[in-house]
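This is structure_12.csv (CSV, C-alpha atoms and all ligand atoms).
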chain,number,residue,atom,x,y,z
A,3,MET,CA,119.4,117.6,71.3
A,4,ASN,CA,116.0,118.0,69.8
A,5,ILE,CA,113.7,115.9,72.0
A,6,ALA,CA,110.0,115.2,71.5
A,7,ILE,CA,108.0,114.3,74.6
A,8,VAL,CA,104.6,112.7,74.2
A,9,CYS,CA,102.4,112.6,77.4
A,10,TYR,CA,99.1,113.2,78.9
A,11,PRO,CA,98.7,116.8,79.8
A,12,THR,CA,96.5,116.2,82.8
A,13,PHE,CA,97.0,116.0,86.6
A,14,GLY,CA,98.1,112.4,86.5
A,15,GLY,CA,101.7,111.6,87.7
A,16,SER,CA,102.9,110.5,84.3
A,17,GLY,CA,102.1,113.8,82.7
A,18,VAL,CA,103.6,115.7,85.6
A,19,VAL,CA,106.9,113.7,85.4
A,20,ALA,CA,107.0,114.1,81.6
A,21,THR,CA,106.5,117.9,82.0
A,22,GLU,CA,109.1,118.3,84.7
A,23,LEU,CA,111.5,116.2,82.6
A,24,GLY,CA,110.9,118.5,79.6
A,25,LEU,CA,111.4,121.6,81.7
A,26,SER,CA,114.6,120.3,83.2
A,27,LEU,CA,116.0,119.3,79.8
A,28,ALA,CA,115.1,122.7,78.4
A,29,ARG,CA,116.9,124.4,81.3
A,30,LYS,CA,120.0,122.4,80.2
A,31,GLY,CA,119.8,123.8,76.7
A,32,HIS,CA,118.0,121.0,74.9
A,33,GLN,CA,115.1,121.8,72.5
A,34,VAL,CA,112.0,120.1,73.9
A,35,HIS,CA,108.8,119.6,71.9
A,36,PHE,CA,105.7,118.5,73.8
A,37,ILE,CA,103.2,116.7,71.7
A,38,THR,CA,99.8,116.3,73.4
A,39,TYR,CA,96.1,117.2,73.1
A,40,SER,CA,96.3,120.2,75.4
A,41,TYR,CA,98.7,122.4,77.2
A,42,PRO,CA,100.3,120.3,80.0
A,43,VAL,CA,99.0,121.5,83.4
A,44,ARG,CA,102.4,121.9,85.0
A,45,LEU,CA,103.7,124.0,82.1
A,46,ASP,CA,102.8,127.5,83.4
A,47,PHE,CA,103.9,129.3,80.3
A,48,LEU,CA,106.0,128.6,77.3
A,49,GLU,CA,109.6,128.9,78.5
A,50,MET,CA,113.0,129.1,76.8
A,51,ASN,CA,113.6,126.0,74.6
A,52,ILE,CA,110.1,124.6,75.1
A,53,HIS,CA,107.7,124.1,72.2
A,54,PHE,CA,104.2,122.8,72.2
A,55,HIS,CA,102.4,120.9,69.4
A,56,GLU,CA,98.7,120.3,70.0
A,57,VAL,CA,97.1,117.1,68.7
A,58,HIS,CA,93.8,118.0,67.2
A,59,VAL,CA,91.3,115.2,66.6
A,60,GLU,CA,88.8,116.1,63.9
A,61,GLU,CA,85.3,115.2,64.9
A,62,TYR,CA,83.3,113.3,62.3
A,63,PRO,CA,79.8,111.9,62.9
A,64,LEU,CA,80.6,108.5,61.4
A,65,PHE,CA,83.1,107.9,64.1
A,66,HIS,CA,81.7,106.4,67.3
A,67,TYR,CA,85.2,106.7,68.7
A,68,GLN,CA,87.4,109.5,67.5
A,69,PRO,CA,90.8,108.1,66.2
A,70,TYR,CA,93.2,109.9,68.6
A,71,GLU,CA,96.1,107.6,67.8
A,72,LEU,CA,95.9,108.4,64.1
A,73,ALA,CA,96.0,112.2,64.8
A,74,LEU,CA,98.8,111.6,67.3
A,75,SER,CA,101.0,109.5,65.1
A,76,SER,CA,100.6,112.0,62.2
A,77,LYS,CA,101.6,114.9,64.5
A,78,MET,CA,104.6,112.9,65.8
A,79,ALA,CA,105.8,112.2,62.2
A,80,TYR,CA,105.3,115.9,61.3
A,81,VAL,CA,107.2,117.2,64.4
A,82,VAL,CA,110.1,114.7,63.9
A,83,LYS,CA,110.4,115.7,60.2
A,84,THR,CA,110.0,119.5,60.7
A,85,TYR,CA,112.1,119.9,63.8
A,86,HIS,CA,114.8,117.3,63.1
A,87,ILE,CA,114.0,115.4,66.3
A,88,ASP,CA,116.8,113.2,67.6
A,89,VAL,CA,114.7,111.2,70.2
A,90,LEU,CA,111.0,110.5,70.6
A,91,HIS,CA,110.2,110.0,74.3
A,92,VAL,CA,106.7,108.6,75.0
A,93,HIS,CA,105.3,108.6,78.5
A,94,TYR,CA,102.6,106.0,79.3
A,95,ALA,CA,102.5,103.1,76.9
A,96,ILE,CA,98.8,103.5,75.9
A,97,PRO,CA,98.4,104.7,73.2
A,98,HIS,CA,101.6,106.7,73.0
A,99,ALA,CA,104.0,103.8,72.3
A,100,TYR,CA,101.6,102.4,69.7
A,101,ALA,CA,101.2,105.7,68.0
A,102,GLY,CA,105.0,106.2,68.2
A,103,TYR,CA,105.6,102.9,66.4
A,104,MET,CA,103.2,104.0,63.6
A,105,ALA,CA,105.0,107.4,63.3
A,106,LYS,CA,108.3,105.6,63.0
A,107,GLN,CA,107.0,103.4,60.2
A,108,MET,CA,105.6,106.4,58.3
A,109,LEU,CA,109.0,108.2,58.7
A,110,LYS,CA,110.9,105.1,57.5
A,111,ARG,CA,109.2,105.5,54.1
A,112,GLU,CA,110.9,108.9,53.9
A,113,ASN,CA,114.3,107.5,55.1
A,114,ILE,CA,114.0,109.2,58.5
A,115,GLU,CA,114.9,107.0,61.4
A,116,VAL,CA,114.1,108.2,64.9
A,117,PRO,CA,114.6,106.2,68.1
A,118,MET,CA,111.7,105.9,70.5
A,119,ILE,CA,112.0,105.5,74.2
A,120,THR,CA,108.9,104.3,76.1
A,121,THR,CA,108.6,105.1,79.8
A,122,LEU,CA,106.2,102.9,81.7
A,123,HIS,CA,104.4,104.7,84.5
A,124,GLY,CA,102.1,102.3,86.3
A,125,THR,CA,98.5,101.9,85.4
A,126,ASP,CA,99.5,101.5,81.7
A,127,ILE,CA,100.9,98.2,82.9
A,128,THR,CA,99.1,97.2,86.1
A,129,LEU,CA,95.6,98.2,85.3
A,130,VAL,CA,94.7,99.3,81.8
A,131,GLY,CA,97.5,97.8,79.7
A,132,ASN,CA,97.0,94.4,81.3
A,133,HIS,CA,93.4,94.2,80.1
A,134,PRO,CA,92.9,91.7,77.3
A,135,THR,CA,91.5,94.5,75.1
A,136,TYR,CA,94.9,96.2,75.0
A,137,LYS,CA,97.5,93.6,76.0
A,138,GLU,CA,98.6,92.4,72.5
A,139,ALA,CA,99.1,96.0,71.3
A,140,VAL,CA,100.8,97.1,74.5
A,141,THR,CA,103.2,94.1,74.4
A,142,PHE,CA,104.0,94.8,70.8
A,143,SER,CA,104.7,98.5,71.2
A,144,ILE,CA,106.9,97.9,74.2
A,145,ASN,CA,108.9,95.4,72.3
A,146,GLU,CA,109.2,97.7,69.3
A,147,SER,CA,110.5,100.6,71.3
A,148,ASP,CA,114.2,101.3,71.0
A,149,ALA,CA,114.6,101.6,74.8
A,150,VAL,CA,112.2,101.0,77.7
A,151,THR,CA,112.3,102.6,81.1
A,152,SER,CA,110.2,102.1,84.2
A,153,VAL,CA,109.8,104.4,87.1
A,154,SER,CA,110.5,101.7,89.8
A,155,GLN,CA,112.0,98.3,90.2
A,156,SER,CA,108.6,97.1,91.3
A,157,LEU,CA,107.0,98.3,88.0
A,158,LYS,CA,109.8,96.6,86.0
A,159,GLU,CA,109.0,93.3,87.8
A,160,ASP,CA,105.3,93.7,87.2
A,161,THR,CA,105.9,94.3,83.5
A,162,LEU,CA,108.1,91.2,83.1
A,163,ARG,CA,105.5,89.2,85.1
A,164,LEU,CA,102.4,90.4,83.2
A,165,PHE,CA,103.8,90.9,79.7
A,166,ASN,CA,105.9,88.9,77.3
A,167,VAL,CA,108.5,91.6,77.1
A,168,LYS,CA,111.8,90.9,75.4
A,169,LYS,CA,113.2,94.3,75.8
A,170,ASP,CA,115.6,95.2,78.6
A,171,ILE,CA,113.9,97.6,81.0
A,172,GLN,CA,116.0,100.2,82.6
A,173,VAL,CA,114.7,101.6,85.9
A,174,ILE,CA,114.9,105.4,86.0
A,175,PRO,CA,113.0,106.6,89.1
A,176,ASN,CA,110.9,109.7,89.2
A,177,PHE,CA,112.6,112.8,90.5
A,178,ILE,CA,112.1,116.1,92.2
A,179,ASP,CA,113.6,119.5,91.8
A,180,LEU,CA,115.0,120.3,95.2
A,181,LYS,CA,116.5,123.6,94.1
A,182,LYS,CA,113.0,125.0,93.4
A,183,PRO,CA,112.4,128.1,95.6
A,184,LEU,CA,109.7,127.6,98.3
A,185,PRO,CA,106.3,129.3,97.7
A,186,LEU,CA,106.8,133.0,96.9
A,187,SER,CA,104.3,134.2,99.4
A,188,PRO,CA,104.5,133.1,103.1
A,189,CYS,CA,103.0,129.7,104.0
A,190,LYS,CA,99.4,130.5,104.8
A,191,ARG,CA,98.8,127.8,107.5
A,192,ALA,CA,96.3,130.0,109.4
A,193,VAL,CA,93.9,130.0,106.4
A,194,MET,CA,93.5,126.2,106.8
A,195,ALA,CA,93.6,125.4,110.5
A,196,HIS,CA,93.8,126.8,114.0
A,197,PRO,CA,97.3,127.1,115.4
A,198,ASP,CA,96.8,124.0,117.6
A,199,GLU,CA,95.5,121.8,114.8
A,200,LEU,CA,97.7,119.4,112.9
A,201,ILE,CA,97.3,119.3,109.1
A,202,VAL,CA,97.0,115.9,107.3
A,203,THR,CA,97.0,116.0,103.4
A,204,HIS,CA,96.1,113.7,100.6
A,205,ILE,CA,96.7,114.5,96.9
A,206,SER,CA,95.5,112.3,94.0
A,207,ASN,CA,93.1,112.0,91.1
A,208,PHE,CA,90.5,110.3,93.4
A,209,ARG,CA,90.4,107.1,91.4
A,210,LYS,CA,89.4,103.7,93.0
A,211,VAL,CA,93.1,102.7,93.0
A,212,LYS,CA,93.8,105.5,95.5
A,213,ARG,CA,91.5,104.0,98.2
A,214,ILE,CA,90.1,107.5,99.0
A,215,ASP,CA,87.7,106.0,101.6
A,216,ASP,CA,90.8,104.7,103.5
A,217,VAL,CA,92.2,108.3,103.6
A,218,VAL,CA,89.0,109.4,105.3
A,219,LYS,CA,89.0,106.4,107.7
A,220,VAL,CA,92.6,106.9,108.7
A,221,PHE,CA,92.0,110.5,109.3
A,222,TYR,CA,88.9,109.6,111.4
A,223,GLY,CA,91.2,107.5,113.6
A,224,ILE,CA,93.7,110.4,113.9
A,225,GLN,CA,91.2,113.1,114.8
A,226,GLN,CA,89.8,110.9,117.6
A,227,LYS,CA,93.2,111.3,119.4
A,228,LEU,CA,94.6,114.6,118.1
A,229,SER,CA,93.2,117.9,117.0
A,230,ALA,CA,93.6,117.9,113.2
A,231,LYS,CA,92.3,118.9,109.8
A,232,LEU,CA,92.4,116.8,106.6
A,233,ILE,CA,93.1,118.6,103.3
A,234,MET,CA,92.0,116.7,100.2
A,235,VAL,CA,93.6,117.9,97.0
A,236,GLY,CA,92.5,116.7,93.5
A,237,ASP,CA,89.3,115.5,91.9
A,238,GLY,CA,87.9,112.4,90.3
A,239,PRO,CA,85.3,109.7,90.5
A,240,GLU,CA,85.6,108.9,94.2
A,241,ARG,CA,85.3,112.4,95.5
A,242,GLU,CA,81.5,112.4,96.1
A,243,ALA,CA,81.6,109.1,98.0
A,244,ALA,CA,84.5,110.5,100.2
A,245,ASP,CA,82.5,113.6,100.9
A,246,GLN,CA,79.5,111.5,101.9
A,247,LEU,CA,81.7,109.3,104.1
A,248,CYS,CA,82.9,112.4,106.0
A,249,LYS,CA,79.3,113.4,106.6
A,250,ASP,CA,78.4,109.9,107.8
A,251,LEU,CA,81.4,109.8,110.2
A,252,GLY,CA,80.5,113.3,111.5
A,253,ILE,CA,83.9,114.8,110.5
A,254,LYS,CA,82.7,117.0,107.6
A,255,LYS,CA,83.8,120.3,109.3
A,256,LYS,CA,87.4,118.9,109.7
A,257,VAL,CA,87.8,118.0,106.0
A,258,LEU,CA,88.5,120.4,103.2
A,259,PHE,CA,88.1,119.4,99.6
A,260,LEU,CA,90.2,121.8,97.5
A,261,GLY,CA,89.8,120.3,94.0
A,262,ASN,CA,92.6,120.3,91.4
A,263,THR,CA,95.5,122.6,91.7
A,264,SER,CA,99.1,122.6,90.4
A,265,ASP,CA,100.1,124.9,93.3
A,266,ILE,CA,100.7,121.9,95.6
A,267,ASP,CA,103.8,123.5,97.2
A,268,ARG,CA,101.6,126.1,98.8
A,269,ILE,CA,99.6,123.3,100.5
A,270,LEU,CA,102.5,121.0,101.3
A,271,CYS,CA,104.3,123.9,103.1
A,272,PHE,CA,101.9,123.7,106.0
A,273,SER,CA,101.2,120.0,105.9
A,274,ASP,CA,102.3,117.8,108.9
A,275,LEU,CA,101.6,114.4,107.3
A,276,PHE,CA,100.8,113.0,103.9
A,277,LEU,CA,98.5,109.9,103.5
A,278,LEU,CA,98.7,107.6,100.4
A,279,PRO,CA,96.9,104.3,101.2
A,280,SER,CA,96.7,103.2,97.5
A,281,GLN,CA,95.8,99.7,96.3
A,282,SER,CA,98.6,99.9,93.8
A,283,GLU,CA,101.2,102.5,93.1
A,284,SER,CA,104.2,102.1,90.8
A,285,PHE,CA,106.1,104.9,92.4
A,286,GLY,CA,103.9,107.5,94.3
A,287,LEU,CA,105.1,110.8,92.9
A,288,SER,CA,102.8,112.7,95.3
A,289,ALA,CA,104.5,111.0,98.2
A,290,LEU,CA,107.9,112.1,96.9
A,291,GLU,CA,106.6,115.7,96.4
A,292,ALA,CA,105.4,115.7,100.0
A,293,MET,CA,108.7,114.3,101.3
A,294,ALA,CA,110.6,117.0,99.4
A,295,ALA,CA,108.5,119.6,101.1
A,296,GLY,CA,109.5,118.0,104.5
A,297,VAL,CA,106.2,116.1,105.0
A,298,PRO,CA,106.4,112.6,106.3
A,299,VAL,CA,104.3,109.9,104.6
A,300,VAL,CA,102.1,107.1,105.9
A,301,SER,CA,101.3,104.9,102.9
A,302,SER,CA,100.3,101.4,102.0
A,303,ASN,CA,103.1,99.0,101.3
A,304,ALA,CA,102.1,98.7,97.6
A,305,GLY,CA,104.2,98.5,94.4
A,306,GLY,CA,107.0,100.9,94.3
A,307,LEU,CA,106.1,102.8,97.5
A,308,PRO,CA,108.7,101.0,99.7
A,309,GLU,CA,111.3,102.3,97.2
A,310,VAL,CA,110.3,105.9,97.9
A,311,ASN,CA,109.0,106.0,101.5
A,312,GLU,CA,111.5,104.5,103.9
A,313,GLU,CA,109.9,102.6,106.8
A,314,GLY,CA,110.5,104.3,110.1
A,315,VAL,CA,112.6,107.1,108.5
A,316,SER,CA,110.5,109.2,106.1
A,317,GLY,CA,107.2,107.7,107.4
A,318,TYR,CA,105.6,104.3,107.6
A,319,LEU,CA,104.3,101.6,105.3
A,320,CYS,CA,101.3,99.5,106.3
A,321,PRO,CA,99.4,96.7,104.7
A,322,ILE,CA,96.9,97.8,102.0
A,323,GLY,CA,93.5,98.5,103.6
A,324,ASP,CA,94.8,98.4,107.3
A,325,VAL,CA,93.4,101.7,108.3
A,326,THR,CA,93.8,101.0,112.0
A,327,ALA,CA,97.6,100.5,111.6
A,328,MET,CA,97.8,103.5,109.4
A,329,ALA,CA,96.0,105.7,111.9
A,330,GLU,CA,98.2,104.3,114.7
A,331,ARG,CA,101.4,105.1,112.8
A,332,ALA,CA,100.1,108.5,111.9
A,333,ILE,CA,99.4,109.3,115.5
A,334,GLU,CA,102.8,108.0,116.5
A,335,ILE,CA,104.4,110.5,114.2
A,336,LEU,CA,102.1,113.4,115.0
A,337,GLU,CA,101.6,113.2,118.7
A,338,ASP,CA,105.2,114.1,119.7
A,339,LYS,CA,106.5,117.4,118.5
A,340,LYS,CA,110.1,116.4,118.6
A,341,ARG,CA,109.4,113.1,116.8
A,342,LEU,CA,107.4,115.0,114.2
A,343,ALA,CA,110.2,117.4,113.6
A,344,GLN,CA,112.7,114.5,113.1
A,345,PHE,CA,110.4,112.7,110.6
A,346,LYS,CA,110.0,116.0,108.7
A,347,LYS,CA,113.8,116.4,108.5
A,348,ASN,CA,114.2,112.7,107.5
A,349,ALA,CA,111.5,113.0,104.8
A,350,ARG,CA,113.4,115.8,103.1
A,351,GLN,CA,116.7,113.9,103.4
A,352,VAL,CA,115.2,110.7,101.8
A,353,ALA,CA,113.8,112.8,99.0
A,354,HIS,CA,117.4,113.8,98.1
A,355,ARG,CA,117.9,110.3,96.6
A,356,PHE,CA,115.5,111.4,93.9
A,357,ASP,CA,117.1,114.8,93.2
A,358,GLU,CA,116.6,115.9,89.6
A,359,ASP,CA,120.3,116.5,89.3
A,360,LYS,CA,120.9,112.8,89.8
A,361,ILE,CA,118.0,111.4,87.7
A,362,VAL,CA,117.7,113.6,84.6
A,363,PRO,CA,121.3,112.8,83.5
A,364,MET,CA,120.2,109.1,83.4
A,365,TYR,CA,117.6,110.1,80.7
A,366,GLU,CA,120.2,112.2,78.9
A,367,ALA,CA,122.6,109.3,78.8
A,368,LEU,CA,119.9,107.0,77.4
A,369,TYR,CA,119.0,109.5,74.7
A,370,GLU,CA,122.7,109.7,73.7
A,371,LYS,CA,122.9,105.9,73.6
A,372,VAL,CA,119.8,105.4,71.4
A,373,LYS,CA,120.8,108.3,69.2
A,374,THR,CA,124.3,106.9,68.7
A,375,LYS,CA,122.9,103.4,67.9
A,376,ASN,CA,120.5,104.9,65.5
A,377,ASN,CA,123.3,106.9,63.7
A,378,ALA,CA,125.4,103.7,63.5
A,379,LEU,CA,122.5,101.9,61.9
A,380,LYS,CA,122.0,104.7,59.4
A,381,LEU,CA,125.7,104.4,58.4
A,382,GLU,CA,125.4,100.7,57.9
A,383,HIS,CA,122.6,101.2,55.4
C,1,LIG,O1,98.3,107.4,89.9
C,1,LIG,C1,97.6,107.7,88.9
C,1,LIG,O2,96.4,107.3,88.8
C,1,LIG,C2,98.2,108.5,87.8
C,1,LIG,C3,99.2,107.7,87.1
C,1,LIG,C4,99.6,108.2,85.8
C,1,LIG,O3,99.8,107.4,84.9
C,1,LIG,O4,99.7,109.4,85.5
C,1,LIG,O5,100.4,107.6,88.0
C,1,LIG,C5,101.3,106.6,87.8
C,1,LIG,O6,102.5,107.3,87.3
C,1,LIG,C6,103.1,108.1,88.3
C,1,LIG,C7,104.3,108.8,87.7
C,1,LIG,O7,105.3,107.9,87.3
C,1,LIG,C8,103.5,107.3,89.6
C,1,LIG,O8,104.1,108.1,90.5
C,1,LIG,C9,102.2,106.7,90.1
C,1,LIG,O9,102.6,105.8,91.2
C,1,LIG,C10,101.5,105.8,89.1
C,1,LIG,N1,100.2,105.4,89.5
C,1,LIG,C11,100.0,104.1,89.8
C,1,LIG,O10,100.7,103.2,89.6
C,1,LIG,C12,98.6,103.8,90.3
What would you get if you wrote out this structure as structure tokens?
Amino acid sequence: MNIAIVCYPTFGGSGVVATELGLSLARKGHQVHFITYSYPVRLDFLEMNIHFHEVHVEEYPLFHYQPYELALSSKMAYVVKTYHIDVLHVHYAIPHAYAGYMAKQMLKRENIEVPMITTLHGTDITLVGNHPTYKEAVTFSINESDAVTSVSQSLKEDTLRLFNVKKDIQVIPNFIDLKKPLPLSPCKRAVMAHPDELIVTHISNFRKVKRIDDVVKVFYGIQQKLSAKLIMVGDGPEREAADQLCKDLGIKKKVLFLGNTSDIDRILCFSDLFLLPSQSESFGLSALEAMAAGVPVVSSNAGGLPEVNEEGVSGYLCPIGDVTAMAERAIEILEDKKRLAQFKKNARQVAHRFDEDKIVPMYEALYEKVKTKNNALKLEH
């Protein structure tokens, strides 16, 4: 099939999932066309069957806000026409589903019908999309999609609760490539910590929703009992405040801020525990990535996290903001070598539920379904 994927190219989970999906589909022989404003961060280099179409927004002094949706919908229409796209798959409703709807309307004028699938990822529903500024347009574009998927049952329920959505929403969870070879070079644990130190890791975009200060507070509790280091991966608005909190708590020397990287496997390979105390989390892809690398997770019990992190098996789930409980659970996992080894093993096992080989065929089946329906409609006309 010729599939166009529209996503954010940044470090956010939705862009990562979209990119990994595109790569997986390309490996299976589909032609995959990424449409976005810059090269997706997880796409190392153009690979076989992968194509990239940059959305360029022309700057003009009259515009207070540059019209990205306009440029995006024009590019979508162009790519669909030129490359005979069978399915348009947009990740993150804002503004992708809206721009996709416009592209479909433009194409209709030229007698080209292309089905559009919208995948809801989380903040497009729970935070941004739900804001009155966008709500009407988001509801409209979800309802106008030919198929809608959400990355967890919890997100599906949030969508139905918050929006007047008439469309059926299919849950297709995020996935992980478990066949991927482990880091090429040996795992460099010694660079990060002394041999007797445990390594606790957090990866995110350091937004408020991630409760970065809770990560630091939980670690503060852990290091009072056990010798440990905290590795903070990512960047965003809360980074400076977290840095300051580390100074205030006197743990600055035990916390390393590494900034953004797509080489997370090289970090997860030496991590003993992953912390994700988010306020809201539709799925928690970073937790799944940690589990796949054999790293147990202590997370909040928010949104879709209980669908990913199995209580008492791959880690623990604690009430949002309960840093004491999170630190206690973390210590419970870390303090006993045998127990830690068991949790590590379990984490990897639980991650197998989200194996790429199980999940990607669900998308392929959906593509086939919307394509067949679209062809039948064409015949009717
Ligand atoms: O978590 C973020 O802030 C990034 C955000 C995104 O849209 O890129 O992530 C969302 O989508 C991910 C991929 O489906 C999910 O794993 C994250 O849980 C979800 N984030 C939230 O719901 C806060």
Original post:
Quick one: of A:Glu242, A:Glu61, A:Glu313, A:Glu358, who's nearest to Leu25 of chain A, counting all atoms listed in the file?
Top reply: A:Glu358
**OP:** Can you tell me which residues come within 7 Å of ligand LIG 1 (chain C) when counting only C-alpha atoms and all ligand atoms, ideally as a PyMOL selection string?
**Re:** chain A and resi 14-17+19+94+123-126+153+176+206-207+209+211+282-288
Original post:
Skipping near chain neighbours, those fewer than 4 positions away, what residues fall within 10 Å of segment 221-226 of chain A using only C-alpha atoms, listed as a ChimeraX atom specification?
Top reply: /A:199-200,202-203,215-217,230-232,248,251-253,256-257,277,325-334,336-337
**OP:** Compute the distance from (103.1, 115.0, 67.9) to each atom, counting all atoms listed in the file, keep the residues with any atom at most 12 Å away, and return them as a ChimeraX atom specification; use the coordinates of the file.
**Re:** /A:5-10,34-40,53-59,70-85,87,90-92,98,101-102,104-106
Please, could you write that set of residues out with C-alpha atoms as a compact mmCIF listing (two decimals), in the coordinates of the input?
# COMPACT_ATOMS: atom_id res chain seq x y z
CA ILE A 5 113.70 115.90 72.00
CA ALA A 6 110.00 115.20 71.50
CA ILE A 7 108.00 114.30 74.60
CA VAL A 8 104.60 112.70 74.20
CA CYS A 9 102.40 112.60 77.40
CA TYR A 10 99.10 113.20 78.90
CA VAL A 34 112.00 120.10 73.90
CA HIS A 35 108.80 119.60 71.90
CA PHE A 36 105.70 118.50 73.80
CA ILE A 37 103.20 116.70 71.70
CA THR A 38 99.80 116.30 73.40
CA TYR A 39 96.10 117.20 73.10
CA SER A 40 96.30 120.20 75.40
CA HIS A 53 107.70 124.10 72.20
CA PHE A 54 104.20 122.80 72.20
CA HIS A 55 102.40 120.90 69.40
CA GLU A 56 98.70 120.30 70.00
CA VAL A 57 97.10 117.10 68.70
CA HIS A 58 93.80 118.00 67.20
CA VAL A 59 91.30 115.20 66.60
CA TYR A 70 93.20 109.90 68.60
CA GLU A 71 96.10 107.60 67.80
CA LEU A 72 95.90 108.40 64.10
CA ALA A 73 96.00 112.20 64.80
CA LEU A 74 98.80 111.60 67.30
CA SER A 75 101.00 109.50 65.10
CA SER A 76 100.60 112.00 62.20
CA LYS A 77 101.60 114.90 64.50
CA MET A 78 104.60 112.90 65.80
CA ALA A 79 105.80 112.20 62.20
CA TYR A 80 105.30 115.90 61.30
CA VAL A 81 107.20 117.20 64.40
CA VAL A 82 110.10 114.70 63.90
CA LYS A 83 110.40 115.70 60.20
CA THR A 84 110.00 119.50 60.70
CA TYR A 85 112.10 119.90 63.80
CA ILE A 87 114.00 115.40 66.30
CA LEU A 90 111.00 110.50 70.60
CA HIS A 91 110.20 110.00 74.30
CA VAL A 92 106.70 108.60 75.00
CA HIS A 98 101.60 106.70 73.00
CA ALA A 101 101.20 105.70 68.00
CA GLY A 102 105.00 106.20 68.20
CA MET A 104 103.20 104.00 63.60
CA ALA A 105 105.00 107.40 63.30
CA LYS A 106 108.30 105.60 63.00
**OP:** Do a neighbour search on Phe259 of chain A at 10 Å with only C-alpha atoms, toss out local chain neighbours closer than 6 positions, and write the hits as a PyMOL selection string.
**Re:** chain A and resi 204+232-237+241+244-245
Subject >> Separation of atom CA of Val150 of chain A from atom CA of Arg29 of chain A in Å >> reply: 24.1 Å
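The smallest atom-to-atom distance between Leu228 of chain A and any of A:Ile335, A:Leu180, A:Leu122, A:Met293, using all atoms listed in the file, is found for A:Ile335.
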Subject >> Option closest in space to Glu309 of chain A, from A:Val173, A:Val130, A:Ile214, A:Ala243 [counting only C-alpha atoms] >> reply: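 That would be A:Val173, the residue with the smallest distance to Glu309 of chain A.
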Original post:
If you measure from atom CA of His32 of chain A to atom CA of Ala367 of chain A, what distance in Å do you get, rounded to one decimal?
Top reply: 13.2 Å
Original post:
Rounded to one decimal in Å, what is the spacing between atom CA of Leu164 of chain A and atom CA of Glu370 of chain A?
Top reply: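 Between atom CA of Leu164 of chain A and atom CA of Glu370 of chain A the gap is 29.6 Å.
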**OP:** Return the single residue from A:Leu27, A:Ile178, A:Met3, A:Ile269 that is closest to Lys190 of chain A, with distances computed using all atoms listed in the file.
**Re:**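 Of all the options, A:Ile269 lies closest to Lys190 of chain A.
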When you look at Gly314 of chain A with a cut-off of 12 Å (counting all atoms listed in the file), what residues show up, excluding the ones that are within fewer than 6 positions of it in the same chain? I need them as a PDB file with C-alpha atoms, in the frame of the given file.
ATOM      1  CA  PRO A 298     106.400 112.600 106.300  1.00  0.00           C
ATOM      2  CA  VAL A 299     104.300 109.900 104.600  1.00  0.00           C
ATOM      3  CA  VAL A 300     102.100 107.100 105.900  1.00  0.00           C
ATOM      4  CA  SER A 301     101.300 104.900 102.900  1.00  0.00           C
ATOM      5  CA  PRO A 308     108.700 101.000  99.700  1.00  0.00           C
ATOM      6  CA  CYS A 320     101.300  99.500 106.300  1.00  0.00           C
ATOM      7  CA  ARG A 331     101.400 105.100 112.800  1.00  0.00           C
ATOM      8  CA  ALA A 332     100.100 108.500 111.900  1.00  0.00           C
ATOM      9  CA  GLU A 334     102.800 108.000 116.500  1.00  0.00           C
ATOM     10  CA  ILE A 335     104.400 110.500 114.200  1.00  0.00           C
ATOM     11  CA  ARG A 341     109.400 113.100 116.800  1.00  0.00           C
ATOM     12  CA  LEU A 342     107.400 115.000 114.200  1.00  0.00           C
ATOM     13  CA  GLN A 344     112.700 114.500 113.100  1.00  0.00           C
ATOM     14  CA  PHE A 345     110.400 112.700 110.600  1.00  0.00           C
ATOM     15  CA  LYS A 346     110.000 116.000 108.700  1.00  0.00           C
ATOM     16  CA  ASN A 348     114.200 112.700 107.500  1.00  0.00           C
ATOM     17  CA  ALA A 349     111.500 113.000 104.800  1.00  0.00           C
ATOM     18  CA  VAL A 352     115.200 110.700 101.800  1.00  0.00           C
TER      19      VAL A 352
END
